[in-house]
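One file, final_23.csv, is given below (CSV, C-alpha atoms and all ligand atoms).
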```
chain,number,residue,atom,x,y,z
A,19,MET,CA,8.8,33.7,1.7
A,20,LEU,CA,8.1,32.1,5.0
A,21,ILE,CA,6.8,28.6,5.0
A,22,ASP,CA,6.3,26.0,7.8
A,23,ASP,CA,8.3,22.8,7.8
A,24,PHE,CA,6.9,20.0,5.7
A,25,LYS,CA,6.3,17.7,8.7
A,26,LEU,CA,6.1,14.4,6.8
A,27,GLU,CA,9.2,15.1,4.7
A,28,ARG,CA,11.2,16.2,7.7
A,29,TYR,CA,10.2,13.0,9.5
A,30,PHE,CA,11.4,11.0,6.5
A,31,ALA,CA,14.6,13.0,6.4
A,32,LYS,CA,15.3,11.9,10.0
A,33,TYR,CA,15.0,8.2,9.3
A,34,GLU,CA,14.6,7.2,5.7
A,35,PHE,CA,18.3,6.7,4.9
A,36,SER,CA,19.5,5.8,8.3
A,37,THR,CA,17.1,3.2,9.6
A,38,LYS,CA,16.8,-0.4,8.4
A,39,TYR,CA,13.1,-0.8,7.6
A,40,LEU,CA,10.4,1.4,6.2
A,41,ILE,CA,6.7,0.5,6.5
A,42,SER,CA,5.1,3.8,5.7
A,43,SER,CA,6.5,4.8,2.3
A,44,SER,CA,4.0,6.0,-0.3
A,45,ASP,CA,6.3,5.2,-3.2
A,46,CYS,CA,6.8,1.7,-4.5
A,47,ASP,CA,10.3,0.2,-4.7
A,48,GLY,CA,12.3,2.1,-7.4
A,49,PHE,CA,12.8,0.2,-10.6
A,50,SER,CA,16.4,0.0,-12.0
A,51,LEU,CA,17.7,1.7,-15.1
A,52,GLU,CA,18.2,-1.8,-16.6
A,53,TYR,CA,14.5,-2.5,-16.1
A,54,ILE,CA,13.4,0.7,-17.8
A,55,LEU,CA,15.7,0.2,-20.7
A,56,SER,CA,14.7,-3.5,-21.1
A,57,SER,CA,11.2,-2.2,-21.9
A,58,ALA,CA,12.4,0.1,-24.7
A,59,ASP,CA,11.9,-0.6,-28.4
A,60,ASP,CA,14.5,0.3,-31.0
A,61,LYS,CA,13.3,3.9,-31.5
A,62,GLU,CA,13.3,4.6,-27.7
A,63,MET,CA,16.8,2.9,-27.4
A,64,SER,CA,18.1,5.2,-30.1
A,65,LEU,CA,16.8,8.3,-28.2
A,66,TRP,CA,18.6,7.0,-25.2
A,67,ASN,CA,21.8,6.2,-27.0
A,68,ASN,CA,21.9,9.5,-28.8
A,69,LEU,CA,21.1,11.6,-25.7
A,70,ARG,CA,22.7,15.1,-25.6
A,71,PHE,CA,22.8,17.1,-22.4
A,72,GLY,CA,21.9,20.5,-23.7
A,73,TYR,CA,19.0,22.5,-22.4
A,74,THR,CA,15.6,21.1,-23.2
A,75,ASP,CA,12.2,22.7,-24.1
A,76,SER,CA,11.0,24.4,-20.9
A,77,ARG,CA,7.5,23.0,-21.5
A,78,GLY,CA,9.0,19.5,-21.9
A,79,SER,CA,10.3,18.0,-25.2
A,80,GLU,CA,7.6,17.4,-27.8
A,81,PHE,CA,8.1,13.6,-27.9
A,82,LEU,CA,7.4,13.4,-24.2
A,83,ARG,CA,4.5,15.8,-24.2
A,84,GLU,CA,2.9,13.9,-27.0
A,85,SER,CA,3.3,10.6,-25.2
A,86,ILE,CA,1.8,12.2,-22.0
A,87,ALA,CA,-1.1,13.7,-23.9
A,88,SER,CA,-1.9,10.3,-25.4
A,89,GLN,CA,-2.6,9.0,-21.8
A,90,TYR,CA,-5.7,11.3,-21.7
A,91,LYS,CA,-8.8,11.4,-23.9
A,92,THR,CA,-9.1,15.1,-24.6
A,93,LEU,CA,-5.6,16.5,-24.7
A,94,ASP,CA,-2.8,17.2,-27.1
A,95,LEU,CA,0.8,18.2,-26.4
A,96,ASN,CA,-0.2,21.9,-25.9
A,97,ASN,CA,-2.2,20.9,-22.8
A,98,VAL,CA,0.9,19.5,-21.1
A,99,LEU,CA,3.7,21.0,-19.0
A,100,VAL,CA,6.5,18.8,-17.7
A,101,MET,CA,8.0,19.7,-14.3
A,102,SER,CA,8.7,18.0,-11.0
A,103,PRO,CA,5.5,17.5,-9.0
A,104,GLY,CA,6.5,19.7,-6.0
A,105,GLU,CA,7.5,22.4,-8.4
A,106,ALA,CA,4.1,22.1,-10.3
A,107,ASN,CA,2.2,22.5,-7.0
A,108,PHE,CA,4.4,25.4,-5.9
A,109,ILE,CA,4.1,27.2,-9.3
A,110,LEU,CA,0.3,26.7,-9.6
A,111,MET,CA,-0.4,28.2,-6.2
A,112,ASN,CA,1.9,31.1,-6.9
A,113,THR,CA,0.4,31.9,-10.2
A,114,ILE,CA,-3.3,31.8,-9.1
A,115,LEU,CA,-3.6,32.7,-5.5
A,116,ASN,CA,-3.6,36.1,-3.7
A,117,LYS,CA,-3.7,37.0,-0.1
A,118,GLY,CA,-7.2,36.5,1.4
A,119,ASP,CA,-8.3,34.0,-1.2
A,120,GLU,CA,-9.9,30.8,0.1
A,121,ILE,CA,-9.1,27.3,-1.0
A,122,ILE,CA,-10.9,24.1,-0.1
A,123,CYS,CA,-8.6,21.1,0.6
A,124,MET,CA,-9.3,17.6,1.7
A,125,TYR,CA,-8.4,16.7,5.3
A,126,PRO,CA,-6.0,15.0,5.9
A,127,SER,CA,-3.8,16.0,3.0
A,128,TYR,CA,-0.2,15.9,1.8
A,129,GLN,CA,1.0,19.1,3.3
A,130,SER,CA,2.3,20.9,0.2
A,131,LEU,CA,-1.3,20.8,-1.2
A,132,TYR,CA,-2.3,23.5,1.3
A,133,GLN,CA,0.9,24.9,2.9
A,134,VAL,CA,2.1,26.8,-0.1
A,135,ALA,CA,-1.3,28.4,-0.3
A,136,VAL,CA,-1.2,29.3,3.4
A,137,SER,CA,2.3,30.9,3.0
A,138,LEU,CA,0.8,33.1,0.2
A,139,GLY,CA,-1.8,34.4,2.6
A,140,ALA,CA,-4.7,32.1,1.5
A,141,VAL,CA,-7.2,30.7,3.9
A,142,VAL,CA,-7.8,26.9,3.9
A,143,LYS,CA,-11.2,25.4,4.5
A,144,TRP,CA,-11.2,21.7,5.1
A,145,TRP,CA,-13.3,19.1,3.4
A,146,LYS,CA,-13.0,16.4,6.0
A,147,PHE,CA,-12.6,12.7,5.5
A,148,ASP,CA,-12.2,10.3,8.4
A,149,SER,CA,-10.0,7.2,8.3
A,150,HIS,CA,-13.2,5.2,7.6
A,151,GLN,CA,-13.3,7.2,4.4
A,152,ASN,CA,-16.7,8.7,5.2
A,153,TYR,CA,-17.3,12.0,3.4
A,154,GLN,CA,-20.2,14.0,2.0
A,155,VAL,CA,-20.1,15.6,-1.4
A,156,GLN,CA,-22.9,18.0,-0.2
A,157,GLU,CA,-20.6,19.3,2.5
A,158,LEU,CA,-18.4,20.8,-0.1
A,159,GLU,CA,-21.1,23.2,-1.1
A,160,SER,CA,-21.4,24.5,2.4
A,161,LEU,CA,-17.6,25.4,2.3
A,162,LEU,CA,-17.9,27.6,-0.7
A,163,SER,CA,-17.9,31.4,-0.5
A,164,LYS,CA,-17.3,34.3,-2.9
A,165,LYS,CA,-13.6,34.2,-2.0
A,166,THR,CA,-13.2,30.5,-2.9
A,167,LYS,CA,-10.5,30.4,-5.6
A,168,LEU,CA,-9.6,26.7,-5.8
A,169,LEU,CA,-10.7,23.2,-4.9
A,170,VAL,CA,-7.8,20.9,-4.2
A,171,LEU,CA,-8.5,17.2,-4.7
A,172,ASN,CA,-6.2,14.2,-4.4
A,173,PHE,CA,-7.7,10.9,-5.7
A,174,PRO,CA,-6.4,8.2,-5.1
A,175,HIS,CA,-5.9,9.8,-1.7
A,176,ASN,CA,-2.7,9.9,0.3
A,177,PRO,CA,-2.8,8.8,3.1
A,178,THR,CA,-6.2,6.9,3.2
A,179,GLY,CA,-6.1,5.3,-0.2
A,180,PHE,CA,-9.6,6.6,-0.8
A,181,LEU,CA,-11.0,6.7,-4.3
A,182,PRO,CA,-14.5,8.1,-5.2
A,183,SER,CA,-16.9,6.3,-7.5
A,184,VAL,CA,-17.2,7.8,-11.0
A,185,ASP,CA,-20.7,8.9,-9.9
A,186,ASP,CA,-19.4,10.8,-6.9
A,187,LEU,CA,-16.6,12.3,-9.0
A,188,ASN,CA,-19.2,13.6,-11.4
A,189,LYS,CA,-21.1,15.1,-8.6
A,190,ILE,CA,-18.0,16.9,-7.4
A,191,ILE,CA,-17.4,18.2,-10.9
A,192,SER,CA,-21.0,19.3,-11.3
A,193,LEU,CA,-20.7,21.4,-8.2
A,194,ALA,CA,-17.4,22.9,-9.4
A,195,ARG,CA,-19.0,23.7,-12.7
A,196,LYS,CA,-22.0,25.3,-11.1
A,197,TYR,CA,-19.7,27.7,-9.2
A,198,ASN,CA,-17.1,28.0,-12.0
A,199,LEU,CA,-14.5,26.8,-9.5
A,200,LEU,CA,-11.0,25.9,-10.6
A,201,ILE,CA,-9.9,22.4,-9.5
A,202,PHE,CA,-6.4,21.4,-8.8
A,203,SER,CA,-6.4,17.6,-9.0
A,204,ASP,CA,-3.3,15.9,-7.6
A,205,GLU,CA,-3.4,12.5,-9.3
A,206,MET,CA,0.0,11.3,-8.3
A,207,TYR,CA,-1.4,7.9,-7.7
A,208,HIS,CA,-3.6,7.8,-10.9
A,209,GLN,CA,-4.3,4.3,-12.2
A,210,LEU,CA,-2.9,2.7,-9.0
A,211,VAL,CA,-6.3,1.2,-8.5
A,212,HIS,CA,-6.4,-2.3,-6.9
A,213,ASP,CA,-9.5,-3.5,-8.8
A,214,ALA,CA,-9.4,-2.3,-12.4
A,215,SER,CA,-13.2,-2.0,-12.5
A,216,LYS,CA,-13.0,0.9,-10.1
A,217,GLN,CA,-10.6,3.0,-12.2
A,218,ILE,CA,-11.7,6.7,-12.6
A,219,PRO,CA,-10.7,9.1,-15.4
A,220,SER,CA,-8.4,12.0,-14.9
A,221,ILE,CA,-10.4,15.2,-14.0
A,222,CYS,CA,-8.8,17.1,-16.9
A,223,ASP,CA,-10.8,14.8,-19.3
A,224,LEU,CA,-14.0,15.6,-17.5
A,225,TYR,CA,-13.7,19.3,-16.5
A,226,GLU,CA,-12.3,22.1,-18.6
A,227,ASN,CA,-11.5,24.3,-15.6
A,228,SER,CA,-9.0,22.1,-13.9
A,229,VAL,CA,-5.2,21.6,-13.6
A,230,CYS,CA,-4.2,18.0,-13.0
A,231,LEU,CA,-0.9,16.5,-11.8
A,232,TRP,CA,0.5,13.1,-12.4
A,233,GLY,CA,4.1,11.8,-12.4
A,234,MET,CA,6.6,9.0,-12.1
A,235,ALA,CA,7.0,8.6,-8.3
A,236,LYS,CA,4.0,6.6,-7.2
A,237,SER,CA,2.1,4.8,-10.0
A,238,PHE,CA,5.4,4.0,-11.8
A,239,GLY,CA,7.8,3.3,-9.0
A,240,LEU,CA,10.3,5.8,-10.4
A,241,ALA,CA,10.4,8.4,-7.6
A,242,GLY,CA,14.1,9.1,-8.2
A,243,LEU,CA,13.4,10.4,-11.7
A,244,ARG,CA,11.7,13.5,-10.0
A,245,PHE,CA,9.4,13.8,-13.0
A,246,GLY,CA,5.9,14.9,-13.3
A,247,TRP,CA,3.5,16.9,-15.4
A,248,VAL,CA,0.5,19.1,-15.3
A,249,THR,CA,-2.3,18.8,-17.8
A,250,SER,CA,-5.0,21.4,-18.4
A,251,HIS,CA,-7.4,23.0,-20.9
A,252,ARG,CA,-6.7,26.3,-19.3
A,253,ALA,CA,-4.1,27.7,-21.7
A,254,ASP,CA,-3.9,30.9,-19.7
A,255,ILE,CA,-2.8,29.1,-16.6
A,256,LEU,CA,-0.3,26.9,-18.4
A,257,LYS,CA,1.2,30.0,-20.0
A,258,LYS,CA,1.7,31.7,-16.6
A,259,MET,CA,3.1,28.5,-15.1
A,260,VAL,CA,5.8,28.0,-17.7
A,261,SER,CA,6.9,31.6,-17.2
A,262,PHE,CA,7.2,31.1,-13.5
A,263,LYS,CA,9.2,28.0,-14.1
A,264,ASP,CA,12.0,30.2,-15.6
A,265,TYR,CA,12.8,31.2,-12.0
A,266,LEU,CA,13.0,27.6,-10.8
A,267,SER,CA,14.3,24.7,-12.8
A,268,ILE,CA,13.9,26.4,-16.2
A,269,CYS,CA,13.7,23.1,-18.0
A,270,ASN,CA,13.7,19.4,-17.4
A,271,ASN,CA,16.8,17.1,-17.2
A,272,ALA,CA,17.4,15.5,-20.6
A,273,ALA,CA,18.0,11.9,-19.3
A,274,GLY,CA,14.9,11.9,-17.2
A,275,GLU,CA,12.8,13.0,-20.2
A,276,VAL,CA,13.8,9.9,-22.2
A,277,LEU,CA,13.4,7.5,-19.2
A,278,THR,CA,10.0,9.0,-18.4
A,279,TYR,CA,9.0,8.6,-22.1
A,280,ILE,CA,10.0,4.9,-22.1
A,281,ALA,CA,8.2,4.1,-18.8
A,282,LEU,CA,5.1,5.9,-20.0
A,283,ASN,CA,5.0,4.1,-23.3
A,284,HIS,CA,5.2,0.7,-21.5
A,285,LYS,CA,3.3,1.7,-18.4
A,286,ASP,CA,1.8,-1.8,-17.8
A,287,ASN,CA,5.3,-3.1,-17.0
A,288,PHE,CA,5.5,-0.6,-14.2
A,289,ILE,CA,1.9,0.1,-12.9
A,290,ASN,CA,0.7,-3.5,-13.0
A,291,HIS,CA,3.7,-4.8,-11.2
A,292,ASN,CA,3.2,-2.2,-8.5
A,293,ILE,CA,-0.6,-3.0,-8.2
A,294,LYS,CA,0.2,-6.7,-7.7
A,295,LYS,CA,2.7,-6.0,-4.9
A,296,ILE,CA,0.3,-3.5,-3.2
A,297,VAL,CA,-2.6,-5.9,-3.3
A,298,LYS,CA,-0.4,-8.8,-1.9
A,299,ASN,CA,0.9,-6.6,0.9
A,300,LYS,CA,-2.6,-5.2,1.7
A,301,LYS,CA,-3.8,-8.8,2.2
A,302,LEU,CA,-0.9,-9.5,4.5
A,303,PHE,CA,-1.7,-6.4,6.5
A,304,SER,CA,-5.4,-7.3,6.8
A,305,GLU,CA,-4.4,-10.7,8.2
A,306,PHE,CA,-2.0,-8.9,10.6
A,307,VAL,CA,-4.8,-6.6,11.7
A,308,ARG,CA,-7.1,-9.5,12.3
A,309,ARG,CA,-4.4,-11.2,14.5
A,310,ASN,CA,-3.8,-7.9,16.4
A,311,SER,CA,-7.3,-6.4,16.5
A,312,ASP,CA,-6.8,-5.3,20.1
A,313,LEU,CA,-4.0,-2.9,18.9
A,314,ILE,CA,-4.9,-1.8,15.4
A,315,GLU,CA,-7.8,-1.3,13.0
A,316,PHE,CA,-8.0,-0.1,9.4
A,317,VAL,CA,-10.2,0.3,6.4
A,318,GLU,CA,-8.8,-1.5,3.4
A,319,PRO,CA,-7.9,1.1,0.7
A,320,VAL,CA,-9.2,0.5,-2.8
A,321,ALA,CA,-6.5,2.6,-4.5
A,322,GLY,CA,-3.1,4.2,-4.0
A,323,SER,CA,-0.2,2.7,-2.0
A,324,THR,CA,-1.1,3.7,1.6
A,325,ALA,CA,-3.7,3.4,4.3
A,326,LEU,CA,-4.3,5.1,7.6
A,327,ALA,CA,-4.5,2.6,10.5
A,328,LYS,CA,-5.8,3.5,13.9
A,329,LEU,CA,-3.8,2.4,17.0
A,330,ASN,CA,-5.6,1.6,20.2
A,331,ILE,CA,-2.8,2.5,22.5
A,332,ASP,CA,-2.5,4.7,25.6
A,333,CYS,CA,0.3,6.9,24.3
A,334,PRO,CA,0.5,9.3,21.3
A,335,SER,CA,1.2,7.6,18.0
A,336,LEU,CA,4.3,9.8,17.6
A,337,ASP,CA,5.7,8.2,20.8
A,338,TYR,CA,4.8,4.7,19.7
A,339,CYS,CA,6.6,5.3,16.3
A,340,GLU,CA,9.7,6.7,18.0
A,341,LYS,CA,9.9,3.7,20.3
A,342,LEU,CA,9.3,1.3,17.4
A,343,VAL,CA,12.1,2.8,15.3
A,344,SER,CA,14.5,2.8,18.2
A,345,LYS,CA,13.8,-0.8,19.3
A,346,THR,CA,13.3,-2.5,15.9
A,347,GLY,CA,14.6,-0.1,13.2
A,348,ILE,CA,11.1,0.1,11.7
A,349,MET,CA,10.2,3.6,10.6
A,350,MET,CA,6.5,4.3,10.7
A,351,VAL,CA,4.8,7.6,10.0
A,352,PRO,CA,2.6,8.8,12.9
A,353,GLY,CA,-0.7,10.7,12.1
A,354,GLU,CA,0.9,13.7,13.8
A,355,MET,CA,2.8,14.3,10.5
A,356,PHE,CA,-0.5,14.9,8.8
A,357,ASP,CA,-1.8,16.9,11.8
A,358,TYR,CA,-4.3,14.1,12.1
A,359,GLY,CA,-4.7,13.5,15.8
A,360,ASP,CA,-2.4,11.3,17.8
A,361,SER,CA,-3.6,7.8,17.3
A,362,TYR,CA,-3.1,7.0,13.6
A,363,VAL,CA,-0.2,5.7,11.5
A,364,ARG,CA,0.3,5.6,7.8
A,365,ILE,CA,1.1,2.2,6.3
A,366,GLY,CA,2.7,1.9,2.9
A,367,PHE,CA,2.2,-1.2,0.8
A,368,GLY,CA,4.6,-0.7,-2.1
A,369,ARG,CA,7.7,-2.4,-0.7
A,370,GLU,CA,9.0,-5.9,-1.5
A,371,ASN,CA,10.2,-6.5,2.1
A,372,PHE,CA,6.7,-5.7,3.6
A,373,ASP,CA,6.2,-9.2,5.0
A,374,GLU,CA,9.6,-9.3,6.7
A,375,VAL,CA,9.0,-5.9,8.3
A,376,LEU,CA,5.5,-6.9,9.4
A,377,LYS,CA,6.9,-10.0,11.1
A,378,ILE,CA,9.5,-7.9,13.0
A,379,TRP,CA,6.7,-5.5,14.1
A,380,GLU,CA,4.6,-8.4,15.2
A,381,SER,CA,7.4,-9.9,17.3
A,382,TYR,CA,7.8,-6.5,19.0
A,383,ILE,CA,4.0,-6.4,19.7
A,384,ASN,CA,4.1,-10.0,21.1
A,385,GLU,CA,7.1,-9.2,23.4
A,386,LYS,CA,5.1,-6.4,25.0
A,387,LYS,CA,2.0,-8.5,25.6
A,388,PRO,CA,1.6,-9.7,29.2
A,401,LIG,C1,-0.4,13.5,-2.9
A,401,LIG,C2,1.1,13.7,-3.3
A,401,LIG,N1,1.3,14.7,-4.2
A,401,LIG,C3,2.6,15.0,-4.6
A,401,LIG,C4,3.7,14.2,-4.1
A,401,LIG,C5,5.0,14.6,-4.5
A,401,LIG,O1,5.5,13.7,-5.5
A,401,LIG,P1,7.1,13.6,-5.8
A,401,LIG,O2,7.7,12.8,-4.8
A,401,LIG,O3,7.2,12.9,-7.2
A,401,LIG,O4,7.6,15.0,-5.9
A,401,LIG,C6,3.4,13.2,-3.2
A,401,LIG,C7,4.5,12.4,-2.6
A,401,LIG,O5,4.4,11.8,-1.6
A,401,LIG,C8,2.1,12.9,-2.8
A,401,LIG,O6,1.8,11.9,-1.9
```

Would you mind writing the file's structure down as structure tokens?
Amino acid sequence: MLIDDFKLERYFAKYEFSTKYLISSSDCDGFSLEYILSSADDKEMSLWNNLRFGYTDSRGSEFLRESIASQYKTLDLNNVLVMSPGEANFILMNTILNKGDEIICMYPSYQSLYQVAVSLGAVVKWWKFDSHQNYQVQELESLLSKKTKLLVLNFPHNPTGFLPSVDDLNKIISLARKYNLLIFSDEMYHQLVHDASKQIPSICDLYENSVCLWGMAKSFGLAGLRFGWVTSHRADILKKMVSFKDYLSICNNAAGEVLTYIALNHKDNFINHNIKKIVKNKKLFSEFVRRNSDLIEFVEPVAGSTALAKLNIDCPSLDYCEKLVSKTGIMMVPGEMFDYGDSYVRIGFGRENFDEVLKIWESYINEKKP
């Protein structure tokens, strides 16, 4: 199988562990093992202390699938498959797509959401958003054809932090229902909503013809666990997916299952902590943008951990980012990594040292001012 490089991931690979500061990460700081275990009750501690490293159930152990299902309104453990998020995306595309099929995907998007489909010979049609988060639900209908197999959504959205209203979400689902269209809903940032009144439900609780993805990396600040899950009412798709998994990881790592279970059962300790940090850093960034409005503009995200900011500069954003990292040690992701023109950067709000990094960036900006 031939597949293009994952630009964003390759850019991270170049700098993430060699440079001093990161200002574009989509994950929040990783919590410690001690923090996870300090949330555990006696029953959960006993699971941890009695852990054995044999194979686990390839669907995910029952205790974990039950806990995952309880996060949703319409699911039980049979609607859940546990696997790493990248694996889930890869498997889903491989089990449902054929050469010549069309998929509709939001633009810009996290690359794996369309690149695996492209490598399988599918054709992507783009549902376009701009960095001001303008979009039209009606436009979706004009993208549909007889060959459309899948609508790929990602709310809260990486990189813009966009979240639709419940009304708009229902309009999207009505449209999918009208055309009996399968939705793959990447909800990796689910519940990471800055104002609780804007929270939206998972699509799998609203639409029977969907496969939804959530996991530990973003909402929970546990990216290193490498855990995620798909949920669906489509038993036929889940059956195919678990069979495909036999050729990849086969089953999940035993320690990760217990840690994921504990984090899920005490999700407020993780998600609320992350939301507070994101909201604080978003405010710092808004003040920074006001002070530097000649250089940068952005629309405040309402959800997720990232935003796309526009740079008013006379060179490509990739060049700007390369200079910034070499002069200051700050790694910033240019819009080019999302194939999104050459004047945007992604900002990530999930890190504790955000203020420190912003100050270093601002000194760099001020040094360059005449
Ligand atoms: C929209 C989206 N989906 C999936 C993933 C993959 O998540 P994980 O790192 O847990 O594999 C990411 C990671 O950045 C993402 O932003």

Residues near Asp45 in chain A, cut-off 9 Å, all atoms listed in the file, skip fewer than 5 positions along chain, as a PyMOL selection string
chain A and resi 235-241+323-324+366-369

To one decimal place, how far is CA of Thr92 in chain A from CA of Ala272 in chain A in Å?
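Value for the CA of Thr92 in chain A-CA of Ala272 in chain A distance: 26.8 Å.
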
Counting all atoms listed in the file, which residues of chain A fall within 7 Å of ligand LIG 401 (chain A), and what is the closest atom pair for each with its distance in Å at one decimal, ordered by chain and rising number, as a Markdown table?
```
| residue | atom | partner | partner_atom | distance |
| --- | --- | --- | --- | --- |
| A:Ser44 | CA | A:LIG401 | O5 | 6.0 |
| A:Ser102 | CA | A:LIG401 | O4 | 6.0 |
| A:Pro103 | CA | A:LIG401 | O4 | 4.5 |
| A:Gly104 | CA | A:LIG401 | O4 | 4.8 |
| A:Tyr128 | CA | A:LIG401 | C1 | 5.3 |
| A:Asn172 | CA | A:LIG401 | C1 | 6.0 |
| A:His175 | CA | A:LIG401 | C1 | 6.7 |
| A:Asn176 | CA | A:LIG401 | C1 | 5.3 |
| A:Asp204 | CA | A:LIG401 | N1 | 5.8 |
| A:Met206 | CA | A:LIG401 | N1 | 5.5 |
| A:Gly233 | CA | A:LIG401 | O3 | 6.2 |
| A:Met234 | CA | A:LIG401 | O3 | 6.3 |
| A:Ala235 | CA | A:LIG401 | O3 | 4.4 |
| A:Ala241 | CA | A:LIG401 | O3 | 5.5 |
| A:Arg244 | CA | A:LIG401 | O3 | 5.3 |
| A:Phe245 | CA | A:LIG401 | O3 | 6.3 |
| A:Gly246 | CA | A:LIG401 | O3 | 6.5 |
```

Can you tell me which residues surround Ile122 in chain A at a distance of at most 7 Å, considering all atoms listed in the file, apart from same-chain residues fewer than 2 positions away, and format the answer as a PyMOL selection string?
chain A and resi 120+124+142-145+168-170

Please produce a file of the residues just selected, as a PDB file, keeping the file's coordinate frame, where the atoms kept are C-alpha atoms.
```pdb
ATOM      1  CA  GLU A 120      -9.900  30.800   0.100  1.00  0.00           C
ATOM      2  CA  MET A 124      -9.300  17.600   1.700  1.00  0.00           C
ATOM      3  CA  VAL A 142      -7.800  26.900   3.900  1.00  0.00           C
ATOM      4  CA  LYS A 143     -11.200  25.400   4.500  1.00  0.00           C
ATOM      5  CA  TRP A 144     -11.200  21.700   5.100  1.00  0.00           C
ATOM      6  CA  TRP A 145     -13.300  19.100   3.400  1.00  0.00           C
ATOM      7  CA  LEU A 168      -9.600  26.700  -5.800  1.00  0.00           C
ATOM      8  CA  LEU A 169     -10.700  23.200  -4.900  1.00  0.00           C
ATOM      9  CA  VAL A 170      -7.800  20.900  -4.200  1.00  0.00           C
TER      10      VAL A 170
END
```

Quick one: distance from CA of Ser203 in chain A to CA of Cys222 in chain A in Å, one decimal?
8.3 Å
